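Shown next, in C-alpha cells, is the structure this report addresses.
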Amino acid sequence: MRTLYFGYLRELAAAVESGGMSGHGAVGHIGVGGNTAIGWIRHLRKTCGVGPCQIGRHTLTSISSERLTWLLERTKKNFTLRGLVGRLTERGRKVDNLTVCGFAGTEELNFRKTVVTGERGRLDVTVTRKITASRQNLSKVLHSSLVGIGRFRAAVICLSAWPATAYRPFDGSDAAKAGVNEIEVELQPIGRLQIMSQPTLISLANGYLYAIALGLTFEMGWGSKMKKMVLAAAVLAMAGSAFAADMPLKAVKAPPLAPFDPWDIAFGSAVMSDYIFRGVTQSNHNLSVAAYFEPRYNLTKDLQLYIGTSVESISFANRAAAEVDVYGGIRPTFGAFAFDFGVWGYLYPGGNCADNFLTGGFPGGNVCPVSTSTIFLANGNVMKKDVSFVEVYGKVNYTINDNWQFGVNEYYSPNFLNSGAWGDYASITGKYTAPSTTFGTSGVGMYVSGEVGRQWLGTSDAFYGVVSALGNFARGIPYASYDTWNIGIGFTYKVFTLDLRYSDSDLSKGNCNAFTSAFNASGTTNVTSINPGGAGSNWCGAAGIVKLSADLTAMTNLK
C-alpha cells in the first residue's frame, strides 16, 4: 500500500528547496522517495504553489471568454488537436487531447490529423497511418457498394464496454431525444457516410464501440449536448483511449455485392363477383376468375421491358369461351413519374356467329351463315363470331409520397371489338394508401382508389347496321360514347388483396344493348335511333364488385 503524504510534507519539501538543498538532499532530510520529492519541487516551480493537482479530465467548461475567443479564432484556420493543446497549455490552461476533441465536436469544427516532420519515420506512426488509410478505403468500398440499393434497411449493433444502460426505439421525430446514458436508434435510407459535414470513418473517444450498421442513426446523450451521426454504411471501430492505436486491428472485408439479375416474373390470380371492363360487365354480372403471367426484363433500374398474358372467364352473346389477353411494352421511370407504353391484344376464342333470323328452322340467313353452329338471338341482336381486337396505350403514374398517387391513361383501337368502329378511352385515376401502422402490427394495409373515364366510339360496319323510321344506318350504327367511373376500398395482407368497388356509367339501357348485343336484353321501351327494337340491357349500369386477388413476383416471393 502506498504511504499518504499530507500538505505539510509538500511545504517542508518546498522549504528545503528554497533553502538551497537539492532534491536528492530533501529525500534524506524528510524521508520521502526521491521521485516524490522531485515531483513536488517541479510542481512548485511550475505553479508557484503547493496545492494538489486536478485529478481527471481538464475540461473547457469554465474557459475564460478571452481564451474562448482566441480558440474559436484559431480554429478558423487549419489546426491540429495537438497544436491546440500546446497553445492552451502555454496560455496557462491545462487540457488534454480528449477535451479539445470534445470541444471541437461541440462547436461542430472540422480538424485535420497530421504528422510532424520529426515523427514521420517512426514505426508506430507509419502503422497507424496505414490503418487509417485502409479504413478510409473500406468506407469508400462500402459506400459505393450500398448506394443505389434503395430503401434497404438493417442494423446490427454490438456494444462493448459502453457506459450506456438504457435503449429506446426511435419515436419518429426530434421531439424526444435520447437522454444521458441512453442510445436512440433510427433506421434511415442509405446515404453518405459522414460525421458533421465531412465524409469520414468515425472513432469515438469514450470507451470502445464496435458496430456494423446499414442505414443507421445514433443519437446519444452526452450531458446537455447531443451528438448525431448519420451512417450510410459504416464499420465503427477502435473508439477509445490513448492506447487505442496500439490495439491489434482485424481487417474487415466489405460484403460482396449480390449479383444483379435483370429478369423477373410477375404472376397472380383473382376471383371476382363481376368482371367489369370500362363500366360494362363482361360476365353478365356473374362470378369470374382470372390469372396472369408477366415476364419482365430490367435494362436498368429505371427502364423495364415486359410481355404478358392473362385469361378471364366471360359471358358474351357469341358464347366465346374466355378472354385471352396478350400484351407487351416498356416502362420507363423518371423520378416520381412512372410511364407505361405498349400494345394489348384482346382475343375471344370459341365464339360463334349470332343471328336474329331462322331459315328453314336453322339459325342464320340475315348476317350469319345458316348453320347448326350459328346462335339464334330472339331479342333481335346480332354479334360476330370473332370480336378480337388490338389497342395501343400510354399511361403515366405520379407518386406524390408514400400515401398519394395519381395517373392518366389513354387507350386507342382502330377496330374496337372488331365492330368496325374506332374506340378511344381516356381516364384519370387516384389512389390513397393508408400508413402501414393503420392496423397496428397486424400487417394489414388499406387503400382507397377511384377512376373517372370516357369511352369514345365510332361507327360500326354494316354487320351491325339497322334501318328504321328513326334513321337509316344500313352501313353501320354510330355507337354512343359514354362516361364511366368507379371507386373502391381495398385491404392488403402479404400477397393478397381484397377489393370492394362500385362501378357505373351513363350509357342508357337502349344504347347499351346496341353496343353489347346482350343475349339477355329484353323489353320494347328502350328505343333509341340505333336501337329501334327497344330491348334494353343492364350490362352497363351500376354494379358492386368484390374481388380477391393474389399477386407475386419471382424475385420477391420465390427466393
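Labeling convention for the C-alpha cells: chains A, B, ... as they appear, residues from 1 per chain, ligands from 1 in order of appearance.
Those residues that approach region 449-457 of chain A to within 8 Å, counting only C-alpha atoms, are Arg278, Ala421, Trp422, Gly423, Asp424, Tyr425, Ala426, Ser427, Ile428, Thr429, Gly430, Lys431, Tyr432, Pro478, Tyr479, Ala480, Ser481, Tyr482, Asp483, Thr484, Trp485, Asn486, Ile487, Gly488 and Ile489 of chain A; same-chain residues fewer than 4 positions away are not listed.
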Produce a file of the selected residues containing C-alpha atoms, as a PDB file, in the first residue's frame.
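Contents of part.pdb, freshly written:
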```
ATOM      1  CA  ARG A 278     -64.796   0.261 -68.540  1.00  0.00           C
ATOM      2  CA  ALA A 421     -65.765   1.317 -85.102  1.00  0.00           C
ATOM      3  CA  TRP A 422     -62.702   3.003 -83.671  1.00  0.00           C
ATOM      4  CA  GLY A 423     -62.504   3.341 -79.921  1.00  0.00           C
ATOM      5  CA  ASP A 424     -60.642   5.728 -77.648  1.00  0.00           C
ATOM      6  CA  TYR A 425     -60.629   5.526 -73.847  1.00  0.00           C
ATOM      7  CA  ALA A 426     -59.078   8.097 -71.515  1.00  0.00           C
ATOM      8  CA  SER A 427     -59.212   8.180 -67.746  1.00  0.00           C
ATOM      9  CA  ILE A 428     -57.793   9.770 -64.601  1.00  0.00           C
ATOM     10  CA  THR A 429     -57.017   7.622 -61.584  1.00  0.00           C
ATOM     11  CA  GLY A 430     -56.219   8.356 -57.960  1.00  0.00           C
ATOM     12  CA  LYS A 431     -55.129   6.237 -55.049  1.00  0.00           C
ATOM     13  CA  TYR A 432     -54.606   6.890 -51.346  1.00  0.00           C
ATOM     14  CA  PRO A 478     -72.847   5.299 -84.686  1.00  0.00           C
ATOM     15  CA  TYR A 479     -72.225   3.930 -81.206  1.00  0.00           C
ATOM     16  CA  ALA A 480     -72.971   6.251 -78.321  1.00  0.00           C
ATOM     17  CA  SER A 481     -69.907   7.438 -76.379  1.00  0.00           C
ATOM     18  CA  TYR A 482     -70.254   7.353 -72.599  1.00  0.00           C
ATOM     19  CA  ASP A 483     -68.681   8.254 -69.261  1.00  0.00           C
ATOM     20  CA  THR A 484     -67.791   5.718 -66.603  1.00  0.00           C
ATOM     21  CA  TRP A 485     -66.438   5.818 -63.062  1.00  0.00           C
ATOM     22  CA  ASN A 486     -65.598   3.570 -60.159  1.00  0.00           C
ATOM     23  CA  ILE A 487     -64.475   3.933 -56.557  1.00  0.00           C
ATOM     24  CA  GLY A 488     -63.468   1.359 -54.014  1.00  0.00           C
ATOM     25  CA  ILE A 489     -61.566   0.422 -50.894  1.00  0.00           C
TER      26      ILE A 489
END
```
(message) Report as a ChimeraX atom specification all protein, DNA and RNA residues lying within 7 Å of region 345-356 of chain A, evaluated on only C-alpha atoms, omitting residues in the same chain fewer than 6 positions from it.
(response) /A:318-327,363-364,366-368,373-378,380-391
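Reported to one decimal place, the separation of CA of Phe406 (chain A) from CA of Phe334 (chain A) is 15.0 Å.
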(request) Could you please write out, as an MDAnalysis selection string, every residue of region 380-528 of chain A that DSSP assigns to strand (DSSP E or B)? (result) chainID A and resid 383 389:399 404:413 423:433 444:457 459 466:468 471:473 478 482:493 496:505 522 528
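You can rank A:Leu500, A:Ala291, A:Thr459, A:Gly365 by their closest distance to Pro414 (chain A) using only C-alpha atoms, and at the top of that list sits A:Thr459.
When only C-alpha atoms are used to measure the gap to Val396 (chain A), the shortest distance among A:Phe362, A:Phe439, A:Phe277, A:Phe337 belongs to A:Phe337.
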(request) Work out how far CA of Tyr292 (chain A) is from CA of Ser517 (chain A), in Å to one decimal. (result) 27.6 Å
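In terms of minimum interatomic distance to Phe416 (chain A), A:Gly458 ranks closest within A:Gly308, A:Gly541, A:Gly361, A:Gly458, counting only C-alpha atoms.
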(request) For region 528-539 of chain A, list every protein, DNA or RNA residue within 8 Å, evaluated using only C-alpha atoms, and leave out those in the same chain fewer than 5 positions away; present the list as a ChimeraX atom specification. (result) /A:280-281,284-285,379-380,466,468,470-471,473,477-479,509-514,516,518,520-523
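Counting only C-alpha atoms, the residue from A:Ser310, A:Asn418, A:Thr300, A:Asn557 that sits nearest to Ser269 (chain A) is A:Ser310.
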